[in-house]
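In what follows, a single structure is set out as structure tokens and then discussed.
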Amino acid sequence: MGLTIGVDIGGTKIAAGVVDEEGSILETCQVPTPHATDALTEAIAEAVRTVGAGHHVEAVGIGAAGYVDEKRATVLFAPNIDWRHEPLKDKVEQRVGLPVVVENDANAAAWGEYKFGAGQGHSDVICITLGTGLGGGIIIGNKLRRGRFGVAAEFGHIRVVPDGLLCGCGNQGCWEQYASGRALLRYARQRAFATPENAQILLSLGDGTSEGIEGRHVSEAARQGDPVAIDSFRELARWAGAGLADLASLFDPSAFIVGGGVSDEGELVLGPIRKSFRRWLVGNQWRPHAQVLAAQLGGKAGLVGAADLARQG
């Protein structure tokens with residue numbers, strides 16, 4: 001199969017791109033993300049039609065944030081969109097006249113990194129995305145592992161603290177409450193409120209109050225050496241690395257790939273994650289250690305991965 005289209009559904013925009021067999025994006029377009037379900041389906045179709053004009057496209061892959069069934073056709077549940085058993089494949093196929101594959105967005109990003117990014121050369125890879133929440137994907141034996149019902153690798157909702165912080169999923173103590181962009185912001189605000197004298201750079205980037213701190217401020221302040229911002233990244237990394245150590249006990253991959261917006265800070269976060277991973281890895285002195293690698297494709301991973309998964313049918 002030649003050219004396919006990958007679609008990445010974001011909170012504010014839908015990105016679509018024509019992708020070739022080498023993972024190169026030939027053309028892209030974006031449309032705003034509507035809130036109404038029917039309007040969202042039409043917006044996806046509009047993006048596909050727009051970007052595909054002038055190209056001989058053979059299939060479409062859609063990365064959706066939510067639980068996707070084993071047939072890769074129906075979104076069983078989406079936490080941020082009003083999709084409940086939504087037959088997305090059928091609806092989009094009717095509008096664009098092309099075969100459609102629906103995939104969990106984190107799975108699509110994981111596949112993109114495995115096939116065309118940091119995972120090249122590895123057959124057993126676990127990917128995590130440290131964004132607003134925490135997502136992931138499992139590639140074992142060169143295959144994307146979705147589980148019996150298609151909803152595997154929801155790593156962010158592994159409960160790491162019994163009766164811990166309330167998560168948006170309804171449970172308490174989920175991993176993403178301690179290792180995610182949302183968690184990083186909470187750490188920074190709490191620390192800046194408790195010790196403002198150590199957060200002068202961080203506070204100066206906002207309105208001078210802990211409540212005025214935004215995620216971008218934490219990153220900028222850390223780059224400028226703000227102690228509270230740096231310590232907040234270290235706290236996130238401590239939880240992320242400990243979680244990777246647990247995943248190593250489950251899957252024993254040769255590499256972990258860390259993506260998502262938080263990972264854009266490079267060694268500021270990856271170095272401490274590796275340190276925490278080694279600290280909590282069971283039998284760490286006596287066993288091989290998986291590599292902990294930075295994702296390479298950035299925000300394009302989900303689009304490229306979805307397009308390639310569509311190529312496989």
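Residues in the structure tokens are numbered from 1 in each chain, the chains being A, B, ... in the order shown, and ligands are numbered from 1 in the order shown.
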At a cut-off of 8 Å, using only C-alpha atoms, what residues contact Leu270 (chain A)? Leave out same-chain residues fewer than 6 positions from it and give the result as a list in words.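 Once the nearby chain positions are removed, what remains is Ala237, Ser263, Val292, Leu293 and Ala294 of chain A.
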Take the residues from that selection and write them out as a JSON list (two decimals), in the first residue's frame, keeping all heavy atoms.
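So out.json came out as:
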```json
[["chain", "number", "residue", "atom", "x", "y", "z"],
["A", 237, "ALA", "N", 10.00, 13.33, 37.70],
["A", 237, "ALA", "CA", 10.90, 12.29, 37.20],
["A", 237, "ALA", "C", 11.01, 11.13, 38.17],
["A", 237, "ALA", "O", 11.15, 9.97, 37.75],
["A", 237, "ALA", "CB", 12.28, 12.90, 36.94],
["A", 263, "SER", "N", 8.58, 15.79, 27.90],
["A", 263, "SER", "CA", 9.87, 15.26, 27.46],
["A", 263, "SER", "C", 10.63, 16.24, 26.56],
["A", 263, "SER", "O", 11.81, 16.04, 26.29],
["A", 263, "SER", "CB", 9.69, 13.93, 26.73],
["A", 263, "SER", "OG", 9.10, 14.13, 25.47],
["A", 292, "VAL", "N", 16.54, 4.22, 28.28],
["A", 292, "VAL", "CA", 15.47, 5.20, 28.41],
["A", 292, "VAL", "C", 15.78, 6.31, 27.42],
["A", 292, "VAL", "O", 16.73, 7.08, 27.60],
["A", 292, "VAL", "CB", 15.35, 5.75, 29.84],
["A", 292, "VAL", "CG1", 14.23, 6.79, 29.92],
["A", 292, "VAL", "CG2", 15.09, 4.62, 30.83],
["A", 293, "LEU", "N", 15.00, 6.37, 26.34],
["A", 293, "LEU", "CA", 15.30, 7.22, 25.20],
["A", 293, "LEU", "C", 14.28, 8.34, 25.05],
["A", 293, "LEU", "O", 13.10, 8.17, 25.37],
["A", 293, "LEU", "CB", 15.32, 6.40, 23.91],
["A", 293, "LEU", "CG", 16.24, 5.16, 23.90],
["A", 293, "LEU", "CD1", 15.99, 4.35, 22.64],
["A", 293, "LEU", "CD2", 17.70, 5.60, 23.99],
["A", 294, "ALA", "N", 14.73, 9.46, 24.52],
["A", 294, "ALA", "CA", 13.82, 10.55, 24.20],
["A", 294, "ALA", "C", 13.13, 10.26, 22.87],
["A", 294, "ALA", "O", 13.75, 9.79, 21.92],
["A", 294, "ALA", "CB", 14.58, 11.86, 24.10]]
```
Need to verify the contact set: Asn107 (chain A), 8 Å, only C-alpha atoms, exclusion of same-chain residues closer than 6 positions in sequence. Can you return it as a ChimeraX atom specification? /A:136-138,144,153,302
Using only C-alpha atoms, can you tell me which of A:Gly10, A:Ser204, A:Ala229, A:Lys91 comes closest to Arg189 (chain A)?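 Ranked by minimum distance to Arg189 (chain A), first place goes to A:Ala229.
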Using DSSP on the backbone coordinates, identify all residues within region 92-238 of chain A classified as strand (DSSP E or B); present the result as a list in words.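 Those residues are Val100, Val101, Val102, Glu103, Asn104, Val125, Ile126, Cys127, Ile128, Thr129, Leu130, Leu134, Gly135, Gly136, Gly137, Ile138, Ile139, Ile140, Lys143, Leu144, Arg159, Leu166, Gln172 and Cys174 of chain A.
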Write a file of the just-selected residues containing C-alpha atoms, as a PDB file, in the first residue's frame.
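Here's the written file part.pdb:
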```pdb
ATOM      1  CA  VAL A 100     -10.553   3.752   7.905  1.00  0.00           C
ATOM      2  CA  VAL A 101      -8.707   2.352  10.922  1.00  0.00           C
ATOM      3  CA  VAL A 102      -9.267   3.877  14.377  1.00  0.00           C
ATOM      4  CA  GLU A 103      -6.485   3.574  16.940  1.00  0.00           C
ATOM      5  CA  ASN A 104      -5.856   4.886  20.432  1.00  0.00           C
ATOM      6  CA  VAL A 125       9.679  -1.241  23.197  1.00  0.00           C
ATOM      7  CA  ILE A 126       7.455   0.419  25.774  1.00  0.00           C
ATOM      8  CA  CYS A 127       6.460   4.021  25.083  1.00  0.00           C
ATOM      9  CA  ILE A 128       5.039   6.518  27.522  1.00  0.00           C
ATOM     10  CA  THR A 129       3.769   9.999  26.743  1.00  0.00           C
ATOM     11  CA  LEU A 130       4.117  12.597  29.469  1.00  0.00           C
ATOM     12  CA  LEU A 134       0.099   9.914  30.838  1.00  0.00           C
ATOM     13  CA  GLY A 135      -0.435   7.512  27.948  1.00  0.00           C
ATOM     14  CA  GLY A 136       1.502   4.606  26.533  1.00  0.00           C
ATOM     15  CA  GLY A 137       1.954   1.854  24.017  1.00  0.00           C
ATOM     16  CA  ILE A 138       3.374  -1.677  24.000  1.00  0.00           C
ATOM     17  CA  ILE A 139       5.394  -3.152  21.142  1.00  0.00           C
ATOM     18  CA  ILE A 140       6.578  -6.691  21.847  1.00  0.00           C
ATOM     19  CA  LYS A 143       3.861  -6.077  17.136  1.00  0.00           C
ATOM     20  CA  LEU A 144       1.634  -3.472  18.745  1.00  0.00           C
ATOM     21  CA  ARG A 159      -2.934   2.946  40.644  1.00  0.00           C
ATOM     22  CA  LEU A 166      -8.534  11.741  42.688  1.00  0.00           C
ATOM     23  CA  GLN A 172      -7.710   7.499  43.154  1.00  0.00           C
ATOM     24  CA  CYS A 174      -3.448   6.885  39.291  1.00  0.00           C
TER      25      CYS A 174
END
```
Once you count only C-alpha atoms, what closest atom pair and distance in Å to one decimal does each residue of region 33-133 of chain A within 10 Å of region 12-27 of chain A have, with rows by chain and rising residue number, as JSON lines?
```
{"residue": "A:Thr33", "atom": "CA", "partner": "A:Lys13", "partner_atom": "CA", "distance": 4.6}
{"residue": "A:Pro34", "atom": "CA", "partner": "A:Thr12", "partner_atom": "CA", "distance": 8.0}
{"residue": "A:His35", "atom": "CA", "partner": "A:Thr12", "partner_atom": "CA", "distance": 9.4}
{"residue": "A:Leu40", "atom": "CA", "partner": "A:Ile14", "partner_atom": "CA", "distance": 9.2}
{"residue": "A:Ala43", "atom": "CA", "partner": "A:Ile14", "partner_atom": "CA", "distance": 7.8}
{"residue": "A:Ile44", "atom": "CA", "partner": "A:Ile14", "partner_atom": "CA", "distance": 7.0}
{"residue": "A:Ala45", "atom": "CA", "partner": "A:Ala16", "partner_atom": "CA", "distance": 9.9}
{"residue": "A:Glu46", "atom": "CA", "partner": "A:Ala16", "partner_atom": "CA", "distance": 9.7}
{"residue": "A:Ala47", "atom": "CA", "partner": "A:Ala16", "partner_atom": "CA", "distance": 6.0}
{"residue": "A:Val48", "atom": "CA", "partner": "A:Ala16", "partner_atom": "CA", "distance": 6.4}
{"residue": "A:Arg49", "atom": "CA", "partner": "A:Ala16", "partner_atom": "CA", "distance": 9.6}
{"residue": "A:Thr50", "atom": "CA", "partner": "A:Ala16", "partner_atom": "CA", "distance": 8.8}
{"residue": "A:Val51", "atom": "CA", "partner": "A:Gly17", "partner_atom": "CA", "distance": 6.3}
{"residue": "A:Gly52", "atom": "CA", "partner": "A:Val18", "partner_atom": "CA", "distance": 6.7}
{"residue": "A:Ala53", "atom": "CA", "partner": "A:Val18", "partner_atom": "CA", "distance": 9.9}
{"residue": "A:His55", "atom": "CA", "partner": "A:Val18", "partner_atom": "CA", "distance": 8.1}
{"residue": "A:His56", "atom": "CA", "partner": "A:Val18", "partner_atom": "CA", "distance": 9.7}
{"residue": "A:Val57", "atom": "CA", "partner": "A:Val18", "partner_atom": "CA", "distance": 7.8}
{"residue": "A:Val60", "atom": "CA", "partner": "A:Val18", "partner_atom": "CA", "distance": 9.2}
{"residue": "A:Gly61", "atom": "CA", "partner": "A:Ala16", "partner_atom": "CA", "distance": 9.5}
{"residue": "A:Ile62", "atom": "CA", "partner": "A:Ala16", "partner_atom": "CA", "distance": 8.9}
{"residue": "A:Gly112", "atom": "CA", "partner": "A:Gly23", "partner_atom": "CA", "distance": 8.1}
{"residue": "A:Lys115", "atom": "CA", "partner": "A:Gly23", "partner_atom": "CA", "distance": 8.2}
{"residue": "A:Phe116", "atom": "CA", "partner": "A:Gly23", "partner_atom": "CA", "distance": 6.3}
{"residue": "A:Gly117", "atom": "CA", "partner": "A:Gly23", "partner_atom": "CA", "distance": 9.3}
```
How would the residues just picked look written out with C-alpha atoms as an mmCIF file, in the first residue's frame?
```
data_model
loop_
_atom_site.group_PDB
_atom_site.id
_atom_site.type_symbol
_atom_site.label_atom_id
_atom_site.label_comp_id
_atom_site.auth_asym_id
_atom_site.auth_seq_id
_atom_site.Cartn_x
_atom_site.Cartn_y
_atom_site.Cartn_z
ATOM 1 C CA THR A 33 -11.811 20.732 16.833
ATOM 2 C CA PRO A 34 -15.568 21.179 17.323
ATOM 3 C CA HIS A 35 -17.269 20.127 20.543
ATOM 4 C CA LEU A 40 -16.405 16.526 15.057
ATOM 5 C CA ALA A 43 -14.408 17.992 10.751
ATOM 6 C CA ILE A 44 -12.332 14.796 10.593
ATOM 7 C CA ALA A 45 -13.788 14.050 7.169
ATOM 8 C CA GLU A 46 -13.137 17.612 6.033
ATOM 9 C CA ALA A 47 -9.479 17.366 7.076
ATOM 10 C CA VAL A 48 -9.107 14.057 5.222
ATOM 11 C CA ARG A 49 -10.698 15.415 2.054
ATOM 12 C CA THR A 50 -8.628 18.596 2.152
ATOM 13 C CA VAL A 51 -5.228 17.032 2.694
ATOM 14 C CA GLY A 52 -5.892 14.129 0.348
ATOM 15 C CA ALA A 53 -6.839 16.274 -2.642
ATOM 16 C CA HIS A 55 -2.920 12.503 -3.853
ATOM 17 C CA HIS A 56 -3.733 8.874 -4.533
ATOM 18 C CA VAL A 57 -4.582 7.877 -0.963
ATOM 19 C CA VAL A 60 -6.996 6.602 6.648
ATOM 20 C CA GLY A 61 -5.759 6.069 10.211
ATOM 21 C CA ILE A 62 -7.310 8.060 13.059
ATOM 22 C CA GLY A 112 5.265 5.948 14.999
ATOM 23 C CA LYS A 115 8.790 2.349 13.290
ATOM 24 C CA PHE A 116 10.304 5.681 12.320
ATOM 25 C CA GLY A 117 11.764 7.298 15.431
#
```
I'd like the contact shell of Phe193 (chain A) - 9 Å cut-off, only C-alpha atoms, skipping same-chain residues fewer than 3 positions apart - returned as JSON, numbers by chain. {"A": [188, 189, 190, 196, 199, 209, 210, 211]}
Residues of region 157-252 of chain A in helix (DSSP H, G or I) according to DSSP, as a PyMOL selection string? chain A and resi 157+175-177+181-194+196-198+200-204+210-212+215-223+227-251
Which neighbours of Gly164 (chain A) fall inside 12 Å, counting only C-alpha atoms, when residues of the same chain fewer than 2 positions from it are skipped, and could you give them as a list of chain:residue names?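 Everything that qualifies: A:Ile158, A:Arg159, A:Val160, A:Val161, A:Pro162, A:Leu166, A:Cys167, A:Gly170, A:Asn171, A:Gln172, A:Gly173, A:Cys174, A:Trp175, A:Glu176, A:Gln177, A:Tyr178.
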Next, write the just-selected residues to a file, as a tab-separated table (two decimals), in the first residue's frame, keeping all heavy atoms as the atom set.
```tsv
chain	number	residue	atom	x	y	z
A	158	ILE	N	-2.82	3.10	36.00
A	158	ILE	CA	-2.33	2.15	37.00
A	158	ILE	C	-2.30	2.89	38.34
A	158	ILE	O	-1.78	4.00	38.45
A	158	ILE	CB	-0.91	1.66	36.64
A	158	ILE	CG1	-0.93	0.87	35.33
A	158	ILE	CG2	-0.33	0.82	37.78
A	158	ILE	CD1	0.45	0.53	34.82
A	159	ARG	N	-2.87	2.28	39.34
A	159	ARG	CA	-2.93	2.95	40.64
A	159	ARG	C	-1.63	2.73	41.40
A	159	ARG	O	-1.27	1.62	41.76
A	159	ARG	CB	-4.13	2.42	41.45
A	159	ARG	CG	-5.46	2.81	40.80
A	159	ARG	CD	-6.66	2.23	41.54
A	159	ARG	NE	-6.79	2.81	42.87
A	159	ARG	CZ	-6.73	2.12	44.00
A	159	ARG	NH1	-6.54	0.81	43.97
A	159	ARG	NH2	-6.89	2.71	45.15
A	160	VAL	N	-0.90	3.82	41.65
A	160	VAL	CA	0.40	3.73	42.31
A	160	VAL	C	0.33	4.17	43.77
A	160	VAL	O	1.26	3.90	44.53
A	160	VAL	CB	1.46	4.57	41.55
A	160	VAL	CG1	1.67	4.01	40.15
A	160	VAL	CG2	1.07	6.05	41.47
A	161	VAL	N	-0.75	4.85	44.15
A	161	VAL	CA	-0.92	5.30	45.54
A	161	VAL	C	-2.33	4.91	45.98
A	161	VAL	O	-3.31	5.54	45.56
A	161	VAL	CB	-0.73	6.82	45.69
A	161	VAL	CG1	-0.93	7.23	47.15
A	161	VAL	CG2	0.64	7.24	45.20
A	162	PRO	N	-2.48	3.87	46.80
A	162	PRO	CA	-3.82	3.51	47.29
A	162	PRO	C	-4.48	4.70	47.97
A	162	PRO	O	-3.87	5.38	48.80
A	162	PRO	CB	-3.53	2.38	48.29
A	162	PRO	CG	-2.22	1.81	47.84
A	162	PRO	CD	-1.43	2.97	47.32
A	166	LEU	N	-7.42	12.07	43.57
A	166	LEU	CA	-8.53	11.74	42.69
A	166	LEU	C	-8.14	12.01	41.24
A	166	LEU	O	-7.61	13.07	40.91
A	166	LEU	CB	-9.76	12.57	43.06
A	166	LEU	CG	-11.02	12.32	42.22
A	166	LEU	CD1	-11.53	10.90	42.44
A	166	LEU	CD2	-12.10	13.34	42.57
A	167	CYS	N	-8.41	11.04	40.38
A	167	CYS	CA	-8.08	11.14	38.96
A	167	CYS	C	-9.35	11.44	38.17
A	167	CYS	O	-10.47	11.14	38.61
A	167	CYS	CB	-7.45	9.84	38.47
A	167	CYS	SG	-6.95	9.85	36.73
A	170	GLY	N	-12.00	8.78	37.70
A	170	GLY	CA	-12.87	8.40	38.81
A	170	GLY	C	-12.18	7.61	39.90
A	170	GLY	O	-12.70	7.51	41.01
A	171	ASN	N	-11.01	7.03	39.60
A	171	ASN	CA	-10.26	6.31	40.62
A	171	ASN	C	-9.33	7.26	41.38
A	171	ASN	O	-9.20	8.44	41.04
A	171	ASN	CB	-9.43	5.19	39.98
A	171	ASN	CG	-10.26	3.95	39.68
A	171	ASN	OD1	-11.30	3.74	40.31
A	171	ASN	ND2	-9.83	3.15	38.74
A	172	GLN	N	-8.65	6.72	42.36
A	172	GLN	CA	-7.71	7.50	43.15
A	172	GLN	C	-6.31	6.91	43.03
A	172	GLN	O	-6.13	5.70	42.98
A	172	GLN	CB	-8.12	7.49	44.63
A	172	GLN	CG	-9.38	8.28	44.92
A	172	GLN	CD	-9.76	8.18	46.39
A	172	GLN	OE1	-10.54	7.32	46.78
A	172	GLN	NE2	-9.23	9.08	47.20
A	173	GLY	N	-5.32	7.81	43.02
A	173	GLY	CA	-3.93	7.37	43.05
A	173	GLY	C	-3.36	6.91	41.73
A	173	GLY	O	-2.35	6.19	41.71
A	174	CYS	N	-3.96	7.31	40.61
A	174	CYS	CA	-3.45	6.88	39.29
A	174	CYS	C	-2.08	7.51	39.01
A	174	CYS	O	-1.79	8.63	39.42
A	174	CYS	CB	-4.42	7.27	38.19
A	174	CYS	SG	-5.99	6.38	38.25
A	175	TRP	N	-1.28	6.77	38.25
A	175	TRP	CA	0.10	7.19	37.96
A	175	TRP	C	0.14	8.58	37.34
A	175	TRP	O	1.02	9.39	37.65
A	175	TRP	CB	0.74	6.15	37.03
A	175	TRP	CG	2.21	6.31	36.80
A	175	TRP	CD1	3.10	7.04	37.54
A	175	TRP	CD2	2.98	5.71	35.75
A	175	TRP	NE1	4.38	6.91	37.02
A	175	TRP	CE2	4.32	6.12	35.92
A	175	TRP	CE3	2.65	4.86	34.68
A	175	TRP	CZ2	5.34	5.70	35.06
A	175	TRP	CZ3	3.66	4.45	33.83
A	175	TRP	CH2	5.00	4.86	34.02
A	176	GLU	N	-0.81	8.92	36.46
A	176	GLU	CA	-0.74	10.20	35.79
A	176	GLU	C	-0.99	11.37	36.73
A	176	GLU	O	-0.68	12.52	36.40
A	176	GLU	CB	-1.69	10.27	34.60
A	176	GLU	CG	-3.16	10.40	34.92
A	176	GLU	CD	-3.97	10.65	33.64
A	176	GLU	OE1	-3.65	10.10	32.58
A	176	GLU	OE2	-4.94	11.40	33.74
A	177	GLN	N	-1.52	11.11	37.92
A	177	GLN	CA	-1.66	12.18	38.90
A	177	GLN	C	-0.32	12.57	39.52
A	177	GLN	O	-0.23	13.60	40.20
A	177	GLN	CB	-2.65	11.76	39.99
A	177	GLN	CG	-4.07	11.61	39.49
A	177	GLN	CD	-4.59	12.87	38.82
A	177	GLN	OE1	-4.51	13.95	39.39
A	177	GLN	NE2	-5.09	12.72	37.60
A	178	TYR	N	0.70	11.76	39.28
A	178	TYR	CA	2.02	12.01	39.87
A	178	TYR	C	3.11	12.18	38.82
A	178	TYR	O	4.19	12.70	39.14
A	178	TYR	CB	2.37	10.84	40.82
A	178	TYR	CG	1.33	10.65	41.89
A	178	TYR	CD1	0.23	9.82	41.67
A	178	TYR	CD2	1.41	11.34	43.09
A	178	TYR	CE1	-0.75	9.68	42.64
A	178	TYR	CE2	0.43	11.20	44.07
A	178	TYR	CZ	-0.65	10.37	43.83
A	178	TYR	OH	-1.63	10.24	44.79
```
Which of A:Gln312, A:Gln224, A:Ser123, A:Gln285 sits closest to Gly141 (chain A) [using only C-alpha atoms]: A:Ser123
Ala295 (chain A) proximity check over A:Ser254, A:Gln120, A:Ser276, A:Thr195, using only C-alpha atoms: winner is A:Gln120
So which residues touch Leu184 (chain A) within 7 Å, counting only C-alpha atoms, skipping near sequence neighbours fewer than 6 positions away, as a list in words?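 Close residues of Leu184 (chain A): Ser232, Phe233 and Leu236 of chain A.
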